[in-house]
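A.B. asks: Handing over coords.txt, compact mmCIF, C-alpha atoms and all ligand atoms.
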```
# COMPACT_ATOMS: atom_id res chain seq x y z
CA MET A 1 -4.00 -7.30 13.51
CA SER A 2 -1.48 -6.62 16.18
CA HIS A 3 -2.13 -3.09 17.27
CA ALA A 4 -1.33 -2.00 20.78
CA THR A 5 -4.19 -1.61 23.14
CA PHE A 6 -5.57 1.84 23.62
CA ALA A 7 -8.08 3.17 26.06
CA PRO A 8 -11.36 2.72 24.20
CA THR A 9 -12.91 5.94 23.03
CA ALA A 10 -16.42 7.02 23.80
CA GLN A 11 -18.05 6.56 20.43
CA PRO A 12 -19.57 7.89 18.31
CA TYR A 13 -16.85 10.39 17.48
CA THR A 14 -17.73 14.05 17.46
CA THR A 15 -15.96 17.18 16.34
CA GLN A 16 -14.80 17.46 19.97
CA THR A 17 -12.80 14.21 19.71
CA THR A 18 -9.08 14.95 19.52
CA VAL A 19 -7.24 14.34 16.28
CA GLY A 20 -4.73 12.23 18.20
CA GLN A 21 -7.46 9.97 19.53
CA LEU A 22 -8.98 9.51 16.09
CA VAL A 23 -5.62 8.41 14.69
CA ALA A 24 -4.73 6.32 17.71
CA ASP A 25 -7.97 4.36 17.37
CA ARG A 26 -7.42 3.85 13.69
CA PRO A 27 -4.01 4.83 12.30
CA ASP A 28 -5.10 4.80 8.66
CA ARG A 29 -7.06 7.98 9.40
CA SER A 30 -3.67 9.70 9.27
CA ARG A 31 -3.95 9.53 5.48
CA LEU A 32 -6.84 11.93 5.30
CA PHE A 33 -5.31 14.25 7.90
CA MET A 34 -2.04 14.27 6.02
CA LYS A 35 -3.89 15.13 2.81
CA LEU A 36 -5.70 18.00 4.51
CA GLY A 37 -2.51 19.28 6.12
CA ILE A 38 -3.83 18.58 9.62
CA ASP A 39 -1.04 17.81 12.06
CA TYR A 40 -2.10 14.59 13.76
CA CYS A 41 1.19 13.99 15.55
CA CYS A 42 2.45 17.02 17.44
CA GLY A 43 -0.92 18.74 17.03
CA GLY A 44 -2.86 15.62 18.01
CA LYS A 45 -4.13 17.09 21.25
CA LEU A 46 -6.37 19.53 19.38
CA THR A 47 -10.00 18.62 18.93
CA LEU A 48 -11.05 17.94 15.36
CA GLN A 49 -13.00 21.22 15.58
CA ASP A 50 -9.95 23.29 16.52
CA ALA A 51 -7.59 21.51 14.11
CA ALA A 52 -10.03 22.03 11.23
CA GLU A 53 -10.56 25.69 12.09
CA LYS A 54 -6.81 26.27 12.04
CA LYS A 55 -6.85 25.12 8.41
CA GLY A 56 -10.07 26.91 7.52
CA LEU A 57 -11.84 23.57 7.10
CA ASP A 58 -15.19 22.30 8.29
CA ALA A 59 -14.80 19.71 11.04
CA ALA A 60 -18.21 18.15 10.46
CA SER A 61 -17.40 17.46 6.79
CA ILE A 62 -14.10 15.87 7.76
CA LEU A 63 -15.89 13.62 10.21
CA ALA A 64 -18.43 12.73 7.52
CA THR A 65 -15.61 11.92 5.07
CA LEU A 66 -13.96 9.63 7.62
CA THR A 67 -17.22 7.84 8.25
CA ALA A 68 -17.88 7.48 4.52
CA LEU A 69 -14.39 6.11 3.85
CA GLU A 70 -14.68 3.61 6.65
CA THR A 71 -18.09 2.45 5.50
CA LEU A 72 -16.79 1.96 1.97
CA GLU A 73 -13.59 0.28 2.98
CA PRO A 74 -14.68 -3.21 4.01
CA ALA A 75 -14.01 -5.44 1.04
CA GLY A 76 -16.75 -7.49 -0.53
CA SER A 77 -17.63 -5.40 -3.55
CA ALA A 78 -14.27 -6.12 -5.20
CA PRO A 79 -14.51 -7.66 -8.66
CA ASN A 80 -13.52 -11.30 -9.03
CA PRO A 81 -10.20 -11.22 -10.92
CA ALA A 82 -10.61 -14.81 -12.04
CA LEU A 83 -13.61 -13.82 -14.16
CA MET A 84 -12.01 -10.84 -15.92
CA SER A 85 -10.46 -10.67 -19.36
CA LEU A 86 -6.68 -10.27 -19.35
CA THR A 87 -7.06 -6.68 -20.49
CA ALA A 88 -9.58 -5.89 -17.75
CA LEU A 89 -7.43 -7.60 -15.14
CA ALA A 90 -4.30 -5.68 -16.19
CA ASP A 91 -6.34 -2.45 -16.06
CA HIS A 92 -7.72 -3.41 -12.67
CA ILE A 93 -4.23 -4.10 -11.26
CA VAL A 94 -2.89 -0.78 -12.54
CA GLY A 95 -5.95 1.14 -11.36
CA THR A 96 -5.96 -0.32 -7.84
CA HIS A 97 -2.66 -1.81 -6.69
CA HIS A 98 -0.32 0.31 -8.80
CA ALA A 99 -2.28 3.46 -8.04
CA TYR A 100 -2.16 2.63 -4.33
CA LEU A 101 1.62 2.17 -4.43
CA LYS A 102 2.22 5.40 -6.32
CA GLU A 103 0.33 7.30 -3.67
CA GLU A 104 1.55 5.35 -0.67
CA LEU A 105 5.27 4.84 -1.34
CA PRO A 106 6.21 8.53 -0.98
CA ARG A 107 4.15 8.83 2.21
CA LEU A 108 5.87 5.82 3.76
CA ALA A 109 9.25 7.13 2.60
CA PHE A 110 8.53 10.28 4.56
CA LEU A 111 7.29 8.39 7.62
CA THR A 112 10.11 5.81 7.77
CA ARG A 113 12.71 8.56 7.41
CA LYS A 114 11.11 10.78 10.01
CA VAL A 115 10.48 8.04 12.57
CA ALA A 116 14.04 6.67 12.20
CA ALA A 117 15.46 10.18 12.63
CA VAL A 118 13.39 10.97 15.71
CA HIS A 119 13.31 7.59 17.46
CA GLY A 120 16.33 5.77 16.00
CA ASP A 121 18.43 6.27 19.14
CA ASP A 122 15.83 4.56 21.31
CA HIS A 123 15.00 1.91 18.71
CA PRO A 124 17.99 1.32 16.42
CA TRP A 125 15.98 -1.19 14.34
CA LEU A 126 14.04 1.78 12.93
CA ARG A 127 17.12 2.68 10.87
CA GLU A 128 17.10 -0.76 9.33
CA VAL A 129 13.37 -0.44 8.67
CA HIS A 130 14.11 2.77 6.80
CA ALA A 131 16.94 1.15 4.82
CA VAL A 132 14.93 -1.96 3.91
CA TYR A 133 11.90 0.14 3.05
CA THR A 134 13.95 2.46 0.83
CA GLY A 135 15.33 -0.48 -1.16
CA LEU A 136 11.88 -2.02 -1.47
CA ALA A 137 10.28 1.23 -2.61
CA GLU A 138 12.92 1.76 -5.29
CA GLU A 139 12.50 -1.76 -6.58
CA LEU A 140 8.73 -1.54 -6.58
CA SER A 141 8.74 1.76 -8.47
CA SER A 142 10.85 0.38 -11.28
CA HIS A 143 8.87 -2.86 -11.22
CA LEU A 144 5.58 -0.99 -11.79
CA GLN A 145 7.17 0.84 -14.70
CA LYS A 146 8.27 -2.38 -16.36
CA GLU A 147 4.81 -3.87 -16.04
CA GLU A 148 3.01 -0.76 -17.23
CA VAL A 149 5.33 0.05 -20.10
CA ILE A 150 6.37 -3.39 -21.32
CA LEU A 151 4.58 -6.45 -20.02
CA PHE A 152 0.99 -5.34 -19.54
CA PRO A 153 0.71 -3.69 -22.98
CA ALA A 154 2.13 -6.91 -24.46
CA ILE A 155 -0.51 -8.94 -22.61
CA ARG A 156 -3.32 -6.63 -23.77
CA ASN A 157 -2.10 -6.80 -27.35
CA LEU A 158 -1.78 -10.54 -27.17
CA GLU A 159 -5.35 -10.88 -26.03
CA GLN A 160 -6.72 -8.43 -28.54
CA THR A 161 -4.65 -9.22 -31.64
CA GLY A 162 -2.74 -12.45 -30.92
CA ASP A 163 0.51 -10.49 -31.22
CA SER A 164 2.26 -8.94 -28.23
CA GLY A 165 3.73 -6.13 -30.32
CA ALA A 166 6.78 -6.28 -28.02
CA PRO A 167 10.42 -6.93 -28.96
CA PHE A 168 10.24 -10.32 -27.27
CA GLY A 169 7.42 -11.34 -29.60
CA ALA A 170 4.75 -13.61 -28.24
CA ASP A 171 7.08 -15.39 -25.83
CA LEU A 172 6.18 -13.92 -22.46
CA SER A 173 8.23 -16.39 -20.45
CA HIS A 174 11.28 -14.19 -19.99
CA PRO A 175 9.54 -11.00 -18.85
CA VAL A 176 7.14 -13.03 -16.69
CA LEU A 177 10.00 -14.86 -14.97
CA MET A 178 11.70 -11.54 -14.38
CA MET A 179 8.56 -10.06 -12.78
CA GLU A 180 8.10 -13.17 -10.65
CA HIS A 181 11.68 -12.91 -9.47
CA GLU A 182 11.11 -9.30 -8.47
CA HIS A 183 7.91 -10.30 -6.66
CA ALA A 184 9.90 -12.80 -4.61
CA GLU A 185 12.41 -10.09 -3.70
CA ALA A 186 9.65 -7.71 -2.65
CA GLY A 187 8.11 -10.50 -0.58
CA GLU A 188 11.43 -11.05 1.19
CA ALA A 189 11.77 -7.35 1.99
CA LEU A 190 8.23 -7.33 3.42
CA THR A 191 9.00 -10.38 5.54
CA LYS A 192 12.07 -8.60 6.84
CA LEU A 193 10.01 -5.51 7.69
CA ARG A 194 7.53 -7.68 9.58
CA ALA A 195 10.35 -9.31 11.55
CA LEU A 196 12.13 -6.02 12.29
CA THR A 197 8.92 -4.46 13.60
CA SER A 198 7.79 -7.51 15.63
CA ASP A 199 4.77 -7.97 13.37
CA PHE A 200 4.19 -4.23 13.01
CA THR A 201 3.58 -3.86 16.74
CA PRO A 202 4.19 -0.37 18.13
CA PRO A 203 6.12 -0.02 21.40
CA ALA A 204 3.88 1.31 24.18
CA SER A 205 5.51 4.73 23.98
CA ALA A 206 5.17 5.09 20.19
CA CYS A 207 3.87 8.43 18.94
CA ASN A 208 1.24 8.72 16.24
CA SER A 209 3.74 8.97 13.37
CA PHE A 210 5.38 5.80 14.62
CA ARG A 211 2.00 4.05 14.70
CA ALA A 212 0.97 5.44 11.34
CA MET A 213 4.22 4.15 9.84
CA LEU A 214 3.68 0.63 11.22
CA ASP A 215 0.06 0.62 10.15
CA GLY A 216 1.06 1.81 6.68
CA LEU A 217 3.73 -0.88 6.40
CA GLU A 218 1.26 -3.55 7.43
CA GLN A 219 -1.19 -2.36 4.79
CA LEU A 220 1.63 -2.27 2.26
CA GLU A 221 2.32 -5.91 3.01
CA ARG A 222 -1.34 -6.86 2.71
CA ASP A 223 -1.93 -4.98 -0.52
CA THR A 224 1.31 -6.19 -2.09
CA HIS A 225 0.49 -9.78 -1.25
CA GLU A 226 -2.90 -9.40 -2.90
CA HIS A 227 -1.34 -7.61 -5.87
CA ILE A 228 1.37 -10.21 -6.43
CA SER A 229 -1.14 -12.98 -6.06
CA LYS A 230 -3.31 -11.56 -8.86
CA GLU A 231 -0.28 -11.38 -11.15
CA ASN A 232 1.49 -14.62 -10.26
CA ASN A 233 -1.62 -16.74 -9.86
CA ILE A 234 -4.03 -15.32 -12.41
CA LEU A 235 -2.72 -12.78 -14.90
CA PHE A 236 0.62 -14.33 -15.82
CA PRO A 237 -0.43 -17.99 -16.11
CA ARG A 238 -3.50 -17.03 -18.14
CA ALA A 239 -1.43 -14.81 -20.43
CA MET A 240 1.08 -17.62 -20.95
CA ALA A 241 -1.73 -20.06 -21.69
CA GLN A 242 -3.25 -17.60 -24.13
CA PHE A 243 0.08 -17.37 -25.92
CA GLN A 244 0.28 -21.14 -26.19
CA GLY A 245 -3.25 -21.28 -27.53
CA THR A 246 -2.41 -18.64 -30.15
CA HIS A 247 0.91 -20.22 -30.94
CA HIS A 248 -0.49 -23.67 -31.63
CA ALA A 249 -3.58 -22.45 -33.46
FE FE A 301 1.95 -5.09 -10.59
FE FE A 302 4.25 -7.23 -10.33
```
Translate the structure described by the file into structure tokens.
C.D. replies:
Amino acid sequence: MSHATFAPTAQPYTTQTTVGQLVADRPDRSRLFMKLGIDYCCGGKLTLQDAAEKKGLDAASILATLTALETLEPAGSAPNPALMSLTALADHIVGTHHAYLKEELPRLAFLTRKVAAVHGDDHPWLREVHAVYTGLAEELSSHLQKEEVILFPAIRNLEQTGDSGAPFGADLSHPVLMMEHEHAEAGEALTKLRALTSDFTPPASACNSFRAMLDGLEQLERDTHEHISKENNILFPRAMAQFQGTHHA
């Protein structure tokens, strides 16, 4: 992780901690604040108590939610994709990585646009970040559709009935190659985003939206790498092998 250094906060957090400090210490907290309509950027100087009251919310519950999310978050309980059936693995990918992208892509579209508009004069590379991100997000959205509507149902059918039920029959090689090609393109866009942002490192003067954007992009890279790896390294080769087994039987 390459986050800028911040003055360490006196922990544990209380409802008197400012929203800005909470997000500065851990930018992914911006997700919950965004969901609750709490302004963590321009309104970041408010204590959690005051910010919650403004929205008619209970600060103590928000703090409890943050703590619960952060306790749950460390990985370790994730299922082992190598041990799943093809159907379960396809369901798992849609339910985790695709669901994450559907929720996260619009948020990052908002953040990259806003940060480029506000800080693009000082940091012209932010405009390129926005452009690269926009292309990536469009490609990913259509990529998810193709997997969910065409390839994954074919893989499930193949496993369950020995017949893909798709127009391309049981030969998955063409759609799989196409998906792998799109994965490579997404990987290149992510590499470009990492380079443009100097490894997602915020400038010292960066505001909370700026930091939340970089943190979100870094998580996007991490999740997409994991996602692509499950497809390229596990789901697709096993589905192809299954086809060959069926084909030669
Ligand atoms: Fe996928
Ligand atoms: Fe994919």
A.B. asks: In Å, rounded to a single decimal, give me how far CA of Ala154 (chain A) is from CA of Ala166 (chain A).
C.D. replies: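 Rounded to one decimal, the two atoms are 5.9 Å apart.
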A.B. asks: I need the residue nearest Leu22 (chain A) from this list: A:Ala212, A:Ala90, A:Ile155, A:Leu172. Use all atoms listed in the file for the distance.
C.D. replies: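 Among the listed residues, the smallest separation from Leu22 (chain A) belongs to A:Ala212.
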A.B. asks: For Leu177 (chain A), please output as a list in words all residues within 10 Å (counting all atoms listed in the file; exclusion window: fewer than 6 positions along the same chain).
C.D. replies: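 These residues fall inside the cut-off: His183, Asn232 and Phe236 of chain A.
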A.B. asks: Output the neighbourhood of ligand FE 302 (chain A) as a compact mmCIF listing (two decimals) with C-alpha atoms, keeping the file's coordinate frame, that is, all protein and nucleic acid residues with some atom at most 7 Å from the ligand, counting all atoms listed in the file.
C.D. replies:
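Output file pocket28.txt follows:
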```txt
# COMPACT_ATOMS: atom_id res chain seq x y z
CA HIS A 143 8.87 -2.86 -11.22
CA LEU A 144 5.58 -0.99 -11.79
CA GLU A 147 4.81 -3.87 -16.04
CA MET A 179 8.56 -10.06 -12.78
CA HIS A 183 7.91 -10.30 -6.66
CA ILE A 228 1.37 -10.21 -6.43
CA GLU A 231 -0.28 -11.38 -11.15
```
A.B. asks: Excluding same-chain residues fewer than 4 positions from His227 (chain A), what lies within 12 Å of it counting all atoms listed in the file, as a ChimeraX atom specification?
C.D. replies: /A:81,89-90,92-101,140,144,180,183,186-187,219-223,231-235
A.B. asks: Please measure the separation of CA of Ser141 (chain A) and CA of Pro237 (chain A), giving the value in Å to one decimal.
C.D. replies: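 Distance between the two atoms: 23.1 Å.
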A.B. asks: Taking only C-alpha atoms into account, which of A:Ala189, A:Ala68, A:Lys102, A:Asn208 comes nearest Lys114 (chain A)?
C.D. replies: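 Between A:Ala189, A:Ala68, A:Lys102, A:Asn208, the residue approaching Lys114 (chain A) most closely is A:Asn208.
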A.B. asks: Would you mind reading off the distance between CA of Phe243 (chain A) and CA of Asn80 (chain A), one decimal, in Å?
C.D. replies: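 The value is 22.5 Å.
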A.B. asks: Choose the residue, out of A:Leu69, A:Leu151, A:Leu190, A:Leu126, that has the smallest atom-to-atom separation from ligand FE 301 (chain A); count only C-alpha atoms and all ligand atoms.
C.D. replies: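 Among the listed residues, A:Leu151 lies closest to ligand FE 301 (chain A).
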